[in-house]
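Peer 1: Sending over a structure as structure tokens; questions will come in a sec.
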Protein chains: 2
Amino acid sequence: MAGSAGSVGIVEAKRAVFEEPFRFRSGAEIPRFELMYETYGTLNAARSNAVLVCHALNASHHVAGTYAAEADNVGFWDNLVGPGKPLDTDRFFVIGNNYIGGCFGSTGPTSVNPATGKPYGADFPVVTVEDWVAAQARLADQLGIERFAAVIGGSLGAMQALQWALAYPDRIGHSLVIASTPRLSAQNIAFNEVARQAIVTDPDFHGGHYYEHGVVPRRGLRIARMIGHITYLSDDAMMEKFGRVMRRASLGFDFDVDFEIESYLRHQGDKFSTYFDANTYLRITKALDYYDPAVDFGGDLARSFARAKAAFLVVSFKSDWRFAPARSRAMVKALLDNRRIVSYLELDAPGGHDAFLLEDPRYHGALRAYFENIEL
Amino acid sequence: MAGSAGSVGIVEAKRAVFEEPFRFRSGAEIPRFELMYETYGTLNAARSNAVLVCHALNASHHVAGTYAAEADNVGFWDNLVGPGKPLDTDRFFVIGNNYIGGCFGSTGPTSVNPATGKPYGADFPVVTVEDWVAAQARLADQLGIERFAAVIGGSLGAMQALQWALAYPDRIGHSLVIASTPRLSAQNIAFNEVARQAIVTDPDFHGGHYYEHGVVPRRGLRIARMIGHITYLSDDAMMEKFGRVMRRASLGFDFDVDFEIESYLRHQGDKFSTYFDANTYLRITKALDYYDPAVDFGGDLARSFARAKAAFLVVSFKSDWRFAPARSRAMVKALLDNRRIVSYLELDAPGGHDAFLLEDPRYHGALRAYFENIEL
């Protein structure tokens with residue numbers, strides 16, 4: 001099918017149920033859990049062609065295709081995954097998974113706490129990247145996948161791809177780490193903290209138990225999302241896309257929308273606040289803040305990467321100021337210090353952090369070539 | 001006194017009263033207004049040695065020295081202004097001014113509206129950089145200053161220094177434009193809009209009439225300030241200052257403060273929300289968004305600068321990602337296109353946008369030399 005890339009078509013989300021406890025890195029435990037996932041393509045007889053796709057903040061297990069009842073609901077990486085696409089479902093068995101603690105069906109703060117019969121809410125444990133990956137390993141067990149040909153992700157999805165190589169070195173052939181960082185900078189943490197403070201100081205937050213009050217901290221979520229969006233785009237990309245273009249004929253001299261960029265941000269914030277769970281948002285940002293594989297190695301990234309056995313593809317984008325290329329280069333250096341096999345691509349794509357989701361021919365060409373070279 | 005730089009010592013704020021209407025760029029009018037100001041040094045007989053210092057967001061007319069009753073309340077640019085300092089008060093008569101619409105004593109949203117006997121609140125007009133400068137010109141008239149030897153400012157203070165050169169070309173000898181931009185980018189507007197939305201969606205905002213309700217939108221102001229602080233520091237400077245240093249012995253797995261940077265931001269936000277007026281904050285950000293001297297010239301900065309007669313010193317800092325050096329270079333280019341006299345200094349100081357307030361020897365050395373060369 002090479003050359004005639006298509007969609008995986010209509011897909012169905014599946015639910016994996018685990019009737020046994022899950023112990024989080026924090027020490028907290030839940031008695032059972034469920035994980036939403038989707039699969040595309042066919043697992044081969046040797047069970048050697050599975051690829052796990054890890055999602056970032058505002059995405060889910062829905063990686064490719066559409067749903068029968070929701071033709072417009074296209075998977076978040078549909079441009080990458082499908083028959084004849086760079087991650088070719090004619091060759092690979094691709095799995096998308098909504099991580100534990102998420103708000104798209106996997107057990108998380110909105111799920112019912114068996115101990116109380118009410119949603120966990122604030123009582124849901126703080127999750128970590130390590131927890132996400134540990135839960136995914138349980139999913140892999142249940143699906144009979146001993147080893148992934150590859151794990152791929154962008155942004156915090158890439159942290160999971162990296163963590164797979166560190167936590168389960170024998171269960172992953174290739175780790176594709178895109179637009180990411182091995183640990184957040186102070187500025188990254190700062191943006192997360194502002195978003196969290198916007199949420200927890202919203203009077204509708206009720207200490208995280210807002211479900212019981214029949215409200216959601218919509219104002220806070222809206223602000224959190226607006227802040228996020230600024231960090232996903234580059235200054236140049238925003239200028240290119242919105243510039244100083246106005247929404248009204250002349251300056252309004254009030255606090256309604258004057259400029260296109262204001263309208264865009266308000267719209268993104270409004271939309272997000274209607275469907276995303278605030279408790280999940282808080283936990284995702286903490287998972288990001290906490291992730292630091294080198295912390296037990298005196299901050300030495302090279303020493304912390306010694307565990308990894310996978311081959312790596314690291315990709316960064318010059319216009320990404322959230323996780324700038326220097327962060328990716330630090331990972332490449334640490335891998336090379338360990339004589340790991342690593343390919344590195346630094347693209348001058350203009351899309352900012354979000355470039356990892358966009359269809360750039362050089363970017364997708366490199367991913368295609370990389371996947372083609374993976375031996376099954 | 002050269003070589004023995006000192007403080008201007010104890011100073012007193014003064015109030016200039018204007019019992020005549022002020023018409024804003026928006027067309028709105030107020031029947032009278034007051035401006036707070038301070039002066040340092042002595043106006044010479046020729047009245048030729050006056051320098052106006054324009055302040056940025058979180059500052060006021062209090063540029064140098066301290067108050068008798070508040071020994072700790074040091075002026076915001078005390079390291080620059082004083083006897084023997086780069087802006088030498090033994091030679092210059094320096095004036096600080098809290099701009100109209102501010103919240104440090106000049107007429108603004110917290111002032112009493114003579115028409116109602118209550119604070120203006122939401123009814124105070126949206127101010128612009130042009131309005132700030134027009135009001136300062138009235139202050140200069142009242143002080144008998146026909147022409148400033150120089151007008152200096154950093155950030156949005158620098159926009160005022162620029163606007164002085166454009167609006168009153170015959171009343172300013174030198175314009176010192178530091179860490180600034182001739183107009184905001186889409187990203188700059190975006191950050192301002194998030195801050196505004198945090199304020200106006202705070203339930204305590206009451207449409208801007210919160211004074212009457214005995215509350216202030218503290219949550220919103222706090223978030224606005226936290227966002228602001230991130231943009232004032234560079235990623236590197238923040239990493240240098242805070243890194244991933246923790247406040248507790250180990251990760252808390254909750255939403256209290258884990259990292260130093262979180263503690264710092266919360267503290268800054270808390271402090272700011274106790275004294276800064278939200279209606280002023282909203283107006284300052286709009287003034288920034290609206291400023292664009294080139295808008296009436298088809299966006300052509302060079303054509304818009306043709307009016308200016310002043311000599312210019314433009315200073316930028318490489319670590320300033322809020323108003324990056326490219327913005328300053330665009331101004332320099334537009335000035336050179338008009339054959340204006342312009343000096344440009346681009347420093348690799350690490351302080352980010354806030355570097356304009358810091359005491360860097362190269363920076364202050366250049367300012368000292370520039371002021372020394374100003375003929376009175």
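Following the order of the structure tokens, chains are lettered A, B, ..., residues in each are numbered from 1, and ligands are numbered from 1.
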For chain B, list the residues within 6 Å of chain A, counting only C-alpha atoms, and write the list as a list of chain:residue names.

Peer 2: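 Interface list for chain B against chain A: B:Val126, B:Ala186, B:Gln187, B:Asp235, B:Met238, B:Met239, B:Gly243, B:Phe253.
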
Peer 1: Do you know which residues are at most 10 Å from Pro182 of chain B counting only C-alpha atoms, after dropping those on the same chain fewer than 6 positions away, and could you put them as a PyMOL selection string?

Peer 2: chain B and resi 156+158-159+162-163+288+291-294+301+323+327-328+330-331

Peer 1: Which residues come within 10 Å of Glu359 of chain B, counting only C-alpha atoms, excluding same-chain residues fewer than 3 positions away, as a PyMOL selection string?

Peer 2: chain B and resi 77-80+355-356+362-365

Peer 1: Could those selected residues go to a file with N, CA and C atoms, as a compact mmCIF listing (two decimals), in the first residue's frame?

Peer 2:
```txt
# COMPACT_ATOMS: atom_id res chain seq x y z
N TRP B 77 14.31 52.84 40.57
CA TRP B 77 15.54 52.94 39.76
C TRP B 77 16.62 53.67 40.55
N ASP B 78 16.66 53.38 41.84
CA ASP B 78 17.61 54.04 42.73
C ASP B 78 19.05 53.74 42.34
N ASN B 79 19.28 52.59 41.73
CA ASN B 79 20.66 52.27 41.32
C ASN B 79 21.12 53.13 40.15
N LEU B 80 20.19 53.78 39.49
CA LEU B 80 20.52 54.57 38.30
C LEU B 80 20.55 56.06 38.58
N ALA B 355 16.23 42.89 33.23
CA ALA B 355 17.62 43.36 33.24
C ALA B 355 17.69 44.88 33.21
N PHE B 356 16.65 45.52 32.68
CA PHE B 356 16.72 46.99 32.59
C PHE B 356 16.72 47.64 33.97
N ARG B 362 28.32 47.21 32.48
CA ARG B 362 28.38 47.65 31.07
C ARG B 362 27.17 48.50 30.74
N TYR B 363 26.01 48.06 31.23
CA TYR B 363 24.75 48.77 31.00
C TYR B 363 24.81 50.15 31.63
N HIS B 364 25.13 50.18 32.91
CA HIS B 364 25.16 51.47 33.60
C HIS B 364 26.30 52.35 33.10
N GLY B 365 27.39 51.71 32.70
CA GLY B 365 28.49 52.48 32.13
C GLY B 365 28.06 53.19 30.85
```

Peer 1: Within 9 Å of Leu176 of chain A, counting only C-alpha atoms, which residues qualify if same-chain residues fewer than 2 places away don't, as a PyMOL selection string?

Peer 2: chain A and resi 150-154+158+161-162+174+178+311-315

Peer 1: Excluding Glu20 of chain A and residues on its chain fewer than 6 positions from it, collect all residues at most 10 Å away from it, counting only C-alpha atoms, and give them as a list in words.

Peer 2: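 In the requested format, the answer is Ile30, Pro31, Arg32 and Phe33 of chain A.
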
Peer 1: Interatomic distance between atom CA of Pro109 of chain B and atom CA of Asn279 of chain B?

Peer 2: 6.1 Å

Peer 1: Compile the contact shell of Phe76 of chain B as a count of residues only: residues with an atom at most 8 Å away, counting only C-alpha atoms, same-chain residues fewer than 6 positions apart removed.

Peer 2: 6

Peer 1: As a list in words, please: all residues of segment 173-202 of chain A that backbone DSSP puts in strand (DSSP E).

Peer 2: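 Checking each residue of segment 173-202 of chain A, the strand (DSSP E) ones are Gly173, His174, Ser175, Leu176, Val177 and Ile178 of chain A.
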
Peer 1: As an exercise, work out the distance from atom CA of Phe205 of chain A to atom CA of Asp277 of chain A in Å and give it to one decimal place.

Peer 2: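 Interatomic distance here is 11.1 Å.
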
Peer 1: Find the residues near Tyr99 of chain B: any atom within 12 Å, counting only C-alpha atoms, skip ones fewer than 2 places away on the same chain, and give them as a PyMOL selection string.

Peer 2: chain B and resi 16+33-37+52-62+96-97+101-108+127-139+156-157+160+280+283-284+287

Peer 1: Would you work out the distance separating atom CA of Glu70 of chain A from atom CA of Thr89 of chain A, expressed in Å to one decimal?

Peer 2: 21.6 Å

Peer 1: Just list the residues in segment 157-350 of chain B DSSP gives alpha helix (DSSP H) on the backbone, as a ChimeraX atom specification.

Peer 2: /B:157-167,186-200,218-232,235-241,260-275,278-290,301-304,325-337

Peer 1: Between B:Ser343, B:Ser319, B:Thr39, B:Thr285, which residue has the minimum interatomic distance to Ala369 of chain B, considering only C-alpha atoms?

Peer 2: B:Ser343

Peer 1: Nearest residue to Pro217 of chain A out of A:Phe124, A:Tyr275, A:Phe317, A:Tyr370, using only C-alpha atoms?

Peer 2: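 Residue with the minimum atom-to-atom distance to Pro217 of chain A: A:Tyr275.
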